[in-house]
Structures are given as C-alpha cells and as structure tokens.
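What follows is a set of notes on a single structure, which appears directly below.
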Amino acid sequence: MIAILKKIASAIITIVVVSCLVFIAFSVIPGDPAVAKLGTQATPEKLEALRIKMGLNEPLLKRFVLWLSGIVRGDFSTSYSYSMSVNSLIAEKIPVTLILALYSLIIMIVISIPVAVFAARHKGDVIERTVTIINQVIMSIPPFFGGILISLVFGMTLKLFTPGAYVSYSKNLGAFLAYMFFPALALALPKAAMAVSLLYTSIVDELKKDYVRTAYSRGNSTKGVFYNHILKNACIPVITFLGMAIADMIAGSIVIEQVFSIPGLGRILLTSIQNRDYPVVEAIIVIIAALVILSNLLVDIMYRVIDPRVGRSNE
Amino acid sequence: MNKGKKNINLILGLILAGIAIIPALVGIFWTPYSTEAMDVSLKLSAPDMRHLLGCDNYGRDILSRLMAGSKITLIIGIGTVFFGCSIGTMVGALTGYYGGLIDNVLMRVNDVLFSFPSILLAMVFVSLTGAGNLQLVIALGIAFIPSYARVVRAEFIRNKNMDYVMAARLAGASNLRIIFVHILPNTIKVLVSSILIGFNNAVLAEAGLSFLGIGVKPPEASLGSMLSDAQTYLFSRPSMVVYPGVALILMILGIALISKEIK
Amino acid sequence: MSLLQVKDLNIEFHDHIIPETVVYDFDLEIDQGEIVGLVGESGSGKSMSAMAIAGLLSRHDMTKRGSIIFDGTDMLNCSRDKLRSIQGDTLSVVFQEPMTSLDPLKKIGYQVGESMMLHRPDISPEDRKKRVIEVMSHVDLDEPEKLYDMYPHELSGGMRQRVMIAAAMAITPKLLIADEPTTALDVTIQAEVIELLKHINRKHNTSILFISHDLSLVRSLCDRVLVMQQGRIVESGSTKQVFEHPAMEYTKKLISSIPKVEIDDTDC
C-alpha cells in the first residue's frame, strides 16, 4: 500500500515538473504572440495594448504561478488565435482521443492474446512461422499508412464505412463507435503484432518451467495447465509493454485522427502548432502528459496486483 | 536449421532494405526529373515509359519524388540516430560509470522522457523550433536520447565492476580512459541493435511528422508528405499511396530483420 | 500383485539425428507400503525412469518400450484421460526444486488443494479448504491457516518442500514419487523431510519411490535399493544387502564416497 502511495505521489510530482518544463519551454522561445495574432503590420500601440491584455508584460514567475494555479483549478487560460478559453476549445475533444486510445487498447488485447496462444500451441509448425512473418510485416507498417490502407480496403473497396463521415459521440454514440472501430484498428494493429511476439516468447519460456510439470503431475489437462497456470505467468512481462503501448496509442491517435478526419485533440494540436497558439499547445501537451503518466501509474498498480512478488517487501 | 534460418532473415533484410535504400542513395546525385518541376498537363497521369510510376497531383514525376523522399528520410534517420546516439551514449556512459546524484537526477528526467511517446516529444520541439530539416533532426534526436542513454547506462553498470576494468584501474588508467577505451567498445554490440531500432523509430517519426505537415517542408519531397498528398486521391489513384508506403515498409522491415539477427 | 510393475522399460530420444537411448531394460516392482530407493549419479537415467512411471515424459521426440503397470493400469498405452485421472490421485510426485516447482502466482492453499479440486470435484470449496489446512498441519507446517493465503516466494526452501509434499499427499496417493526432494535443501532440513516421508509411509501405507544421489539418505529411508549407471540397473536388493555386501565395483565406489558419519538406520 505504501509503495502504491509513493507511486501516486511520484506521478503527481512528475506531472507538475512536466507542466513547469512545458511552460518554461514555451516562454523562452523567440517570437511574440501579440505579433503573431495581429500580424507584423500592426501599430506598436495596438501590440502593447494586446500584450497587457494577454498578460505578457508580467514577470515570468508571476505568469507561471497564474498559469499553474489555473491548471490546478482546471482552467487552461485563453487561446491566442480563437478568442475563447482553451477549456471550451478542447473539452469536447478529450473524450474523442481518449476513447480512440482505449478502443485500440481493447482491440490490441482482444487480438493479441488468442493469436499468441494459438501460435504457441503450434510452436514449430507452419502456423507458428506464418504468424511470425505476418507479425513482422505488420510491425513495420507505419500506423498512418495502415490507416490509409484500411480506408482503402474496408472503406472504399468493401464499403464497410465511409472514410471522413465522422459522427460525434454526443449525436449518435453507436455510429460514433462504429466509425471509430477502423481508426482504432489501424492504431492497434502494429502494437498487437508487438504484443503477440512478446506474449508468444513469454509463453514459450513459461512452458519450460518446472511448475508446468508439477501442474501436469496433479492431473491437469493441457488446457487446464495453460489457462490456470501458464497464461497468467506469461502475461507478466507483457504488462510493462502495456504501459508503453498506451502512451504510444495516445500519441498515435494524433496522427490517426488526421487520416480519418476525426476532430480530436490531435487535429487542434496541429492547427495550434501551425498558428503558434501556445496556450492551446501547452494545455494539450500537459493533458496528454498527464494521461500518459496516469496510465503508467495504473499499469504499475496492476502489475503489483497481479504479481505478488513485486513490492510486497516494502510493506 | 536454426543457423540457416538466421541467415535467411539477414539476407532477406539486406535485400529489402537494399531495395528501399539504393534508390535513395542514387537520389542524392541524380533523379530522372526535377522533384519540384510541375507540369499541369501531366497531372495524375498514369505510368508510361517516360514516367515509370506516373505523375502526382501537381504533375511531378513520382519516381523522382520517391527517390528524393527516400533520400530525405534516410538522411534524417541517420542524422537523428547520430545526434541522439552520441549524446545518449555520453549521458549513459557518465551516469552509469559515476552513479550518484547526477545519475539519479538525469535518470529521473530520462524516465519521464522515455515514458513520453517520442513523436509527441518531437512535436513539442518542432513547435518550439519551427519546421525545417535541421530542426527536425535535432527535435527527433533529443526525443531519442533517452532510449540510447538507458541501454548504455545499463551496460556500463554491468561492466564497471568486471575484472578487466579493475585490472585497468590497477594499471593506473584514468576514469576517462576506462570509460572510452575500455568499457565503451564493449557496449558496441548492444548499441548496434538499438541503433538499428532507433533508426526505424526515427524513420517512422519523421514520416509521421511530415504526414502531419510539420516535418519536412513542402515542396521538398518526403515519404510522409507524399502519403499525405496521395490520401486526397485515394479513390482515383490508389497507387500514389502505395509507392511511398511500400518504400517505408521495405526500409523498416529490412532494417528490423537485420537488427533481429544481429541481436 | 504388486502396486507398480515395470518391465523392460527402454527410453529412446529422437531429438537428434541419431536416436539416443537413455534407459535400458529397466525393471522395477514396488509393493504397497514399500519404500524403494533409486540411486545413481546425475545422468544415470534415474529421473528419466521415474518421470516415465509418473507419465510425465512428453509423447513427442521419444519412444518408450516395455511396460509400466501401475495399480492395474498400463501407463504407457492408456488414454490421456485415464492417465490424468491417475496423476495427482493415486500417484503423486514431489520434485527437486521446490521454488521453481510451485507456480509463483498461485496461493499455497490453491496449489495444495489443486489435485483435490481436480479429482474430488464433489468436495465443496469450504471442505476442501478445511482438508487442505489439515494436510498442511500434518506435514508440520506451522500456522497453516496463515500459509493458506501466502505465495511461494514468501516461504523458506524447507517450507516450500513441505508444501510440495502436502500437495502430493492431499488425497493420499498409493504411490509417491520423490525425485531428489532434498537436494536443494540444507542438511538439517533434509533430515526433517526424510522423517516426514517415513511418517507418511507408516501412517498411510503409501509406497514411495525415492530418487537420490545421496546414499546416506537412501540408507536411512529405504527398504530396497536399485543402483543405476548409464541408463541400466546395475545392482538391486535390500538396503542392508546392497550397503553391506555391494556386488558391483560401481556401487562400492558410490558407498565409499559417503562421508563417514554414524547413520541411525534402526528404521531400515
């Protein structure tokens, strides 16, 4: 329990540190947001007035404290290019990206476990080799190209969905989830291939362990040994991968959103980077960082729950 | 049989990577046509004897752009690996060898950066520095420092108490000499495989950023931006998507197979 | 008829180009309640023979000739289902490495009760728990209620081996195969485990096939001894006879390598 509390504290500290770094990075870069907003033709008076309005003339430390306290209250200040709060700009988009990432995580798990088990049960024969080859190829497909191929095959040729016909979750949840399946698949496939090869190797390693023989000696069937003993043990090395996979999926969704015209965090992050709309960029980076850190924390806790050998000694 | 399978993977990897990389190398010196010359009359024209892969939506020769795009991808990939690996190796070597407070602090920073997806990190840096090839190399290079630092640090911690290091120390070798002359050569084997994997990740990240329009600046060709252009014509000219995509896959798959065998 | 009857057992491996025979013409009989020792150096084929008897050799990559009749069942030719109904029920095994032979992610209670769960499905979980705790206290595990919910890594080596024995004894088998059960343990704990095996034998009339390269342990525990060398049984007889009048040079060498310590063999 203490170990988990420590992890939570460390995660919170990390989020704060990342926020600081992000703020500092965006404050010291050359370029004047006021000029960016009004254009180089603007009069000095107008620029000055805008700077005061945007709070740019305040000392750095004060601006930082204001910004950070805003974040703690859940207020990410105001966008430069749209005259509205960052909150209202991104609030609706967070669930889109989050659902996309979660969706692909689920698809990854649903695909990878049976395939790895199947391959491990056919170790040494054609099926295993075929799986290995397909795996290696899928791992080499960049997710956005995978996305394009999926829209080509499933969208345009098989007409299973219409690329670009995104439906908001607030309008029709069913249609939203149906549309999101293919982007999530594109995001999940390369990670699923990695998970399959990890889990497969792990299962093959576990098969050689002594406890497997013990389980057989008690009269377990092959299936019983496999599902009651081996699978759980084999999943442990894969859990660490899960943390990385979630982080990559959140980041990857930014790219996939672009392929499937999904208005999530990725879309607005890109336009904001191009417009140098720093408050929005900062907010999204901090949010994504927090999501990544939190998912790593969850994975860590899960690891402790599943493997009794981890972290019990410090309790 | 195992040995034979190994060689097959290695040969296959070299062939696949070769198919992708040789046109890129040729592209450094020569392309059939200018990569930026537009000819509206050739817009989206089908492959023929003069334009082997046809022309794109601006009437530019796709083969030429493919060669140039692979070249840029290759250069940025190598540059990123060089940048990230040299700094990462330094950081890993010093922290691993000396340990202590610097190690703790740097490794914590490293862990945070490592858990952060590299493409996102690169996006942050690109938005700070602006687009451009050099900026891209620096941004991606920084994003990949942690992965090298980790590997090298682990190797240094493993090696620093080994007998041969002790012997060198007793013989009066300085710390720097031990780090660079004695231990570093022993990390090469592990480093080579992470360099190959790092190259692949850099290629993926570059293609991703260019696809998003914040990588290589148009009109310069890059595999990522070619894919992004081609996506608009997915229905009318699916082949436009296939060429750069397959080029990317060949390069990544080839290098992955090679790295698998080197491990 | 004896409980276990092994005749002309030959085991041949096929995982190399030339088949390799590892056990030749192995004969063994064990009566109900008897403790038989199987000794030999590592690689002499003693564990291989024992695993064949327990039905734990994989059916790929090797051929087994001869016959193994256990409790009226032909172990080499019966169906897998039949084999499984014997394994863990009338025939149990205790392995050498108690750490790696226990599943690291399953609680002790589950592992001790597993064969009961598989072979006596009519016993309710509550009853099973009660019986598991009882078996655990019979093998001298302190605080069995507490141990029930613990994991293997939280136990010492000796405790783990007791857990293995408890698991093997959970539904009182007719034959217990103990494959080097003490090799991984400290000397004092070795003696305790040997005492425990003697106790089990006396109390439940369970036959034991005890495999070891440690002759002093075999001498203090077993009624009869078989000596194996390079896949063949080179000598067999009552413990007294083999130890006092070894016929083979090899056996003499093995015996002379025992450290000269007074062994309490009143039980033999």
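As shown in the structure tokens, the chain order sets the letters A, B, ...; within each chain, residues go from 1, and ligands are also counted from 1 in the order they appear.
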Query raised in the report: When the cut-off is 10 Å and we count only C-alpha atoms, which residues of chain C are near chain A, given as an MDAnalysis selection string?
Result: chainID C and resid 51 54:57 80:89 91:107 111:119 150:154 164 167:168
With C-alpha atoms retained, write the just-selected residues as a short mmCIF file (atom, residue, chain, number, x, y, z; two decimals), in the first residue's frame.
data_model
loop_
_atom_site.label_atom_id
_atom_site.label_comp_id
_atom_site.auth_asym_id
_atom_site.auth_seq_id
_atom_site.Cartn_x
_atom_site.Cartn_y
_atom_site.Cartn_z
CA MET C 51 9.16 -39.44 -14.91
CA ALA C 54 4.68 -40.83 -13.48
CA GLY C 55 3.54 -40.36 -17.09
CA LEU C 56 5.29 -37.01 -17.30
CA LEU C 57 7.54 -37.60 -20.29
CA ARG C 80 -4.55 -39.44 -21.80
CA ASP C 81 -7.75 -39.05 -19.82
CA LYS C 82 -7.06 -42.25 -17.95
CA LEU C 83 -3.51 -41.14 -17.27
CA ARG C 84 -4.73 -37.79 -15.93
CA SER C 85 -7.23 -39.49 -13.67
CA ILE C 86 -4.30 -41.33 -12.05
CA GLN C 87 -1.86 -38.41 -11.89
CA GLY C 88 -2.38 -36.48 -8.69
CA ASP C 89 -4.86 -39.04 -7.38
CA LEU C 91 0.14 -41.35 -7.97
CA SER C 92 1.82 -38.11 -6.91
CA VAL C 93 5.22 -36.57 -7.45
CA VAL C 94 7.44 -34.35 -5.32
CA PHE C 95 10.12 -32.59 -7.37
CA GLN C 96 13.64 -31.47 -6.68
CA GLU C 97 13.34 -27.68 -6.82
CA PRO C 98 10.53 -26.56 -4.51
CA MET C 99 10.98 -22.91 -5.58
CA THR C 100 10.52 -23.37 -9.29
CA SER C 101 8.14 -26.30 -8.99
CA LEU C 102 5.47 -24.16 -7.40
CA ASP C 103 3.50 -21.69 -9.51
CA PRO C 104 4.75 -18.27 -8.30
CA LEU C 105 1.38 -16.59 -8.86
CA LYS C 106 -0.90 -19.06 -7.09
CA LYS C 107 -1.56 -19.09 -3.38
CA GLN C 111 -1.65 -25.41 -5.03
CA VAL C 112 -2.03 -27.84 -2.15
CA GLY C 113 -5.71 -28.27 -2.93
CA GLU C 114 -5.36 -28.45 -6.69
CA SER C 115 -5.33 -32.23 -7.05
CA MET C 116 -8.29 -32.45 -4.67
CA MET C 117 -10.12 -29.90 -6.79
CA LEU C 118 -9.38 -31.89 -9.95
CA HIS C 119 -10.04 -35.40 -8.67
CA MET C 150 0.54 -16.83 1.15
CA TYR C 151 2.62 -17.12 -2.02
CA PRO C 152 5.59 -19.45 -2.62
CA HIS C 153 8.16 -16.62 -2.59
CA GLU C 154 7.21 -15.79 0.99
CA MET C 164 5.03 -29.77 -2.21
CA ALA C 167 0.15 -31.07 -2.19
CA ALA C 168 1.26 -34.56 -3.20
#
Report task. Fewer than 3 positions away in the same chain doesn't count, so skip those; otherwise give me all residues within 12 Å of Val126 (chain B), counting only C-alpha atoms, as a ChimeraX atom specification. Result -> /A:25-26,29,270,273-274,276,281 /B:119-123,129-143,206,209-210,212-217
Please save N, CA and C atoms of the selected residues as a JSON list (two decimals), in the first residue's frame.
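Output below, filename part_4.json:
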[["chain", "number", "residue", "atom", "x", "y", "z"],
["A", 25, "ALA", "N", 9.56, 26.12, -21.52],
["A", 25, "ALA", "CA", 9.95, 25.95, -22.92],
["A", 25, "ALA", "C", 9.21, 26.94, -23.81],
["A", 26, "PHE", "N", 7.91, 27.08, -23.58],
["A", 26, "PHE", "CA", 7.14, 27.95, -24.46],
["A", 26, "PHE", "C", 7.28, 29.42, -24.12],
["A", 29, "ILE", "N", 10.95, 30.73, -25.87],
["A", 29, "ILE", "CA", 11.22, 30.72, -27.31],
["A", 29, "ILE", "C", 10.99, 32.11, -27.90],
["A", 270, "LEU", "N", -2.41, 20.24, -33.94],
["A", 270, "LEU", "CA", -1.69, 20.57, -35.17],
["A", 270, "LEU", "C", -1.96, 21.99, -35.62],
["A", 273, "ILE", "N", -0.18, 24.32, -33.34],
["A", 273, "ILE", "CA", 1.26, 24.39, -33.56],
["A", 273, "ILE", "C", 1.54, 25.28, -34.76],
["A", 274, "GLN", "N", 0.75, 25.10, -35.83],
["A", 274, "GLN", "CA", 0.98, 25.90, -37.03],
["A", 274, "GLN", "C", 0.67, 27.38, -36.78],
["A", 276, "ARG", "N", 1.00, 28.89, -33.94],
["A", 276, "ARG", "CA", 1.75, 29.31, -32.75],
["A", 276, "ARG", "C", 0.80, 29.75, -31.62],
["A", 281, "VAL", "N", -1.42, 24.70, -27.25],
["A", 281, "VAL", "CA", -0.39, 23.65, -27.35],
["A", 281, "VAL", "C", 0.02, 23.20, -25.95],
["B", 119, "ILE", "N", 7.12, 10.66, -30.70],
["B", 119, "ILE", "CA", 6.58, 11.53, -31.75],
["B", 119, "ILE", "C", 5.97, 12.79, -31.13],
["B", 120, "LEU", "N", 5.40, 12.63, -29.93],
["B", 120, "LEU", "CA", 4.82, 13.78, -29.25],
["B", 120, "LEU", "C", 5.91, 14.74, -28.79],
["B", 121, "LEU", "N", 6.98, 14.16, -28.27],
["B", 121, "LEU", "CA", 8.11, 14.96, -27.84],
["B", 121, "LEU", "C", 8.67, 15.74, -29.02],
["B", 122, "ALA", "N", 8.79, 15.03, -30.14],
["B", 122, "ALA", "CA", 9.29, 15.70, -31.34],
["B", 122, "ALA", "C", 8.35, 16.83, -31.77],
["B", 123, "MET", "N", 7.04, 16.60, -31.60],
["B", 123, "MET", "CA", 6.08, 17.65, -31.95],
["B", 123, "MET", "C", 6.30, 18.89, -31.09],
["B", 129, "THR", "N", 10.86, 25.05, -32.25],
["B", 129, "THR", "CA", 11.94, 25.50, -33.14],
["B", 129, "THR", "C", 11.44, 25.85, -34.53],
["B", 130, "GLY", "N", 10.22, 25.46, -34.87],
["B", 130, "GLY", "CA", 9.74, 25.66, -36.23],
["B", 130, "GLY", "C", 10.18, 24.52, -37.11],
["B", 131, "ALA", "N", 9.54, 24.44, -38.31],
["B", 131, "ALA", "CA", 9.84, 23.31, -39.19],
["B", 131, "ALA", "C", 11.17, 23.52, -39.90],
["B", 132, "GLY", "N", 11.67, 22.48, -40.51],
["B", 132, "GLY", "CA", 12.96, 22.54, -41.21],
["B", 132, "GLY", "C", 13.70, 21.25, -40.98],
["B", 133, "ASN", "N", 14.55, 20.88, -41.92],
["B", 133, "ASN", "CA", 15.20, 19.58, -41.81],
["B", 133, "ASN", "C", 16.15, 19.49, -40.62],
["B", 134, "LEU", "N", 16.95, 20.54, -40.42],
["B", 134, "LEU", "CA", 17.89, 20.51, -39.31],
["B", 134, "LEU", "C", 17.14, 20.48, -37.98],
["B", 135, "GLN", "N", 16.11, 21.34, -37.89],
["B", 135, "GLN", "CA", 15.31, 21.36, -36.68],
["B", 135, "GLN", "C", 14.70, 19.99, -36.40],
["B", 136, "LEU", "N", 14.28, 19.35, -37.49],
["B", 136, "LEU", "CA", 13.65, 18.04, -37.37],
["B", 136, "LEU", "C", 14.64, 17.03, -36.79],
["B", 137, "VAL", "N", 15.88, 17.08, -37.32],
["B", 137, "VAL", "CA", 16.90, 16.15, -36.83],
["B", 137, "VAL", "C", 17.16, 16.40, -35.35],
["B", 138, "ILE", "N", 17.26, 17.68, -34.97],
["B", 138, "ILE", "CA", 17.53, 18.00, -33.55],
["B", 138, "ILE", "C", 16.35, 17.56, -32.69],
["B", 139, "ALA", "N", 15.14, 17.89, -33.15],
["B", 139, "ALA", "CA", 13.95, 17.55, -32.36],
["B", 139, "ALA", "C", 13.86, 16.04, -32.16],
["B", 140, "LEU", "N", 13.98, 15.29, -33.26],
["B", 140, "LEU", "CA", 13.89, 13.84, -33.15],
["B", 140, "LEU", "C", 15.07, 13.29, -32.36],
["B", 141, "GLY", "N", 16.25, 13.87, -32.60],
["B", 141, "GLY", "CA", 17.45, 13.42, -31.89],
["B", 141, "GLY", "C", 17.26, 13.54, -30.39],
["B", 142, "ILE", "N", 16.77, 14.70, -29.94],
["B", 142, "ILE", "CA", 16.54, 14.88, -28.50],
["B", 142, "ILE", "C", 15.52, 13.86, -27.99],
["B", 143, "ALA", "N", 14.48, 13.68, -28.81],
["B", 143, "ALA", "CA", 13.43, 12.75, -28.38],
["B", 143, "ALA", "C", 13.96, 11.33, -28.20],
["B", 206, "GLU", "N", 9.69, 10.63, -38.42],
["B", 206, "GLU", "CA", 9.83, 11.63, -39.47],
["B", 206, "GLU", "C", 8.66, 11.53, -40.44],
["B", 209, "LEU", "N", 5.56, 12.93, -38.78],
["B", 209, "LEU", "CA", 5.54, 14.39, -38.69],
["B", 209, "LEU", "C", 5.33, 15.02, -40.07],
["B", 210, "SER", "N", 6.02, 14.48, -41.09],
["B", 210, "SER", "CA", 5.86, 15.04, -42.43],
["B", 210, "SER", "C", 4.45, 14.80, -42.93],
["B", 212, "LEU", "N", 1.88, 14.82, -41.11],
["B", 212, "LEU", "CA", 1.05, 15.81, -40.42],
["B", 212, "LEU", "C", 1.32, 17.22, -40.92],
["B", 213, "GLY", "N", 2.38, 17.39, -41.73],
["B", 213, "GLY", "CA", 2.68, 18.71, -42.27],
["B", 213, "GLY", "C", 3.58, 19.53, -41.38],
["B", 214, "ILE", "N", 4.18, 18.92, -40.34],
["B", 214, "ILE", "CA", 5.10, 19.69, -39.51],
["B", 214, "ILE", "C", 6.49, 19.09, -39.54],
["B", 215, "GLY", "N", 6.77, 18.31, -40.59],
["B", 215, "GLY", "CA", 8.10, 17.72, -40.72],
["B", 215, "GLY", "C", 8.86, 18.43, -41.83],
["B", 216, "VAL", "N", 9.22, 17.66, -42.83],
["B", 216, "VAL", "CA", 9.93, 18.22, -43.99],
["B", 216, "VAL", "C", 9.01, 19.22, -44.69],
["B", 217, "LYS", "N", 9.58, 20.39, -45.01],
["B", 217, "LYS", "CA", 8.74, 21.45, -45.57],
["B", 217, "LYS", "C", 8.45, 21.21, -47.04]]
Report task. Do a neighbour search on Arg224 (chain C) at 6 Å with only C-alpha atoms, toss out local chain neighbours closer than 3 positions, and write the hits as a ChimeraX atom specification. Result -> /C:36,237-239
**Report entry** Residues within 12 Å of Ile53 (chain C), only C-alpha atoms, excluding chain neighbours under 4 positions, as an MDAnalysis selection string
**Finding:** (chainID A and resid 217) or (chainID C and resid 4:7 9:11 26:30 46:49 57 64 66:71 73:76 83 86:87 91:93 175:179 209)
Query raised in the report: Would you give me, as a PyMOL selection string, the residues in region 27-159 of chain B that DSSP reads as helix (DSSP H, G or I)?
Result: chain B and resi 27-29+40-42+62-98+100-115+118-129+133-159
Query raised in the report: If we count only C-alpha atoms, what is near region 223-230 of chain B at a cut-off of 6 Å, once residues fewer than 5 positions away on the same chain are taken out, given as a PyMOL selection string?
Result: chain B and resi 69+207+210-211+240-241+244
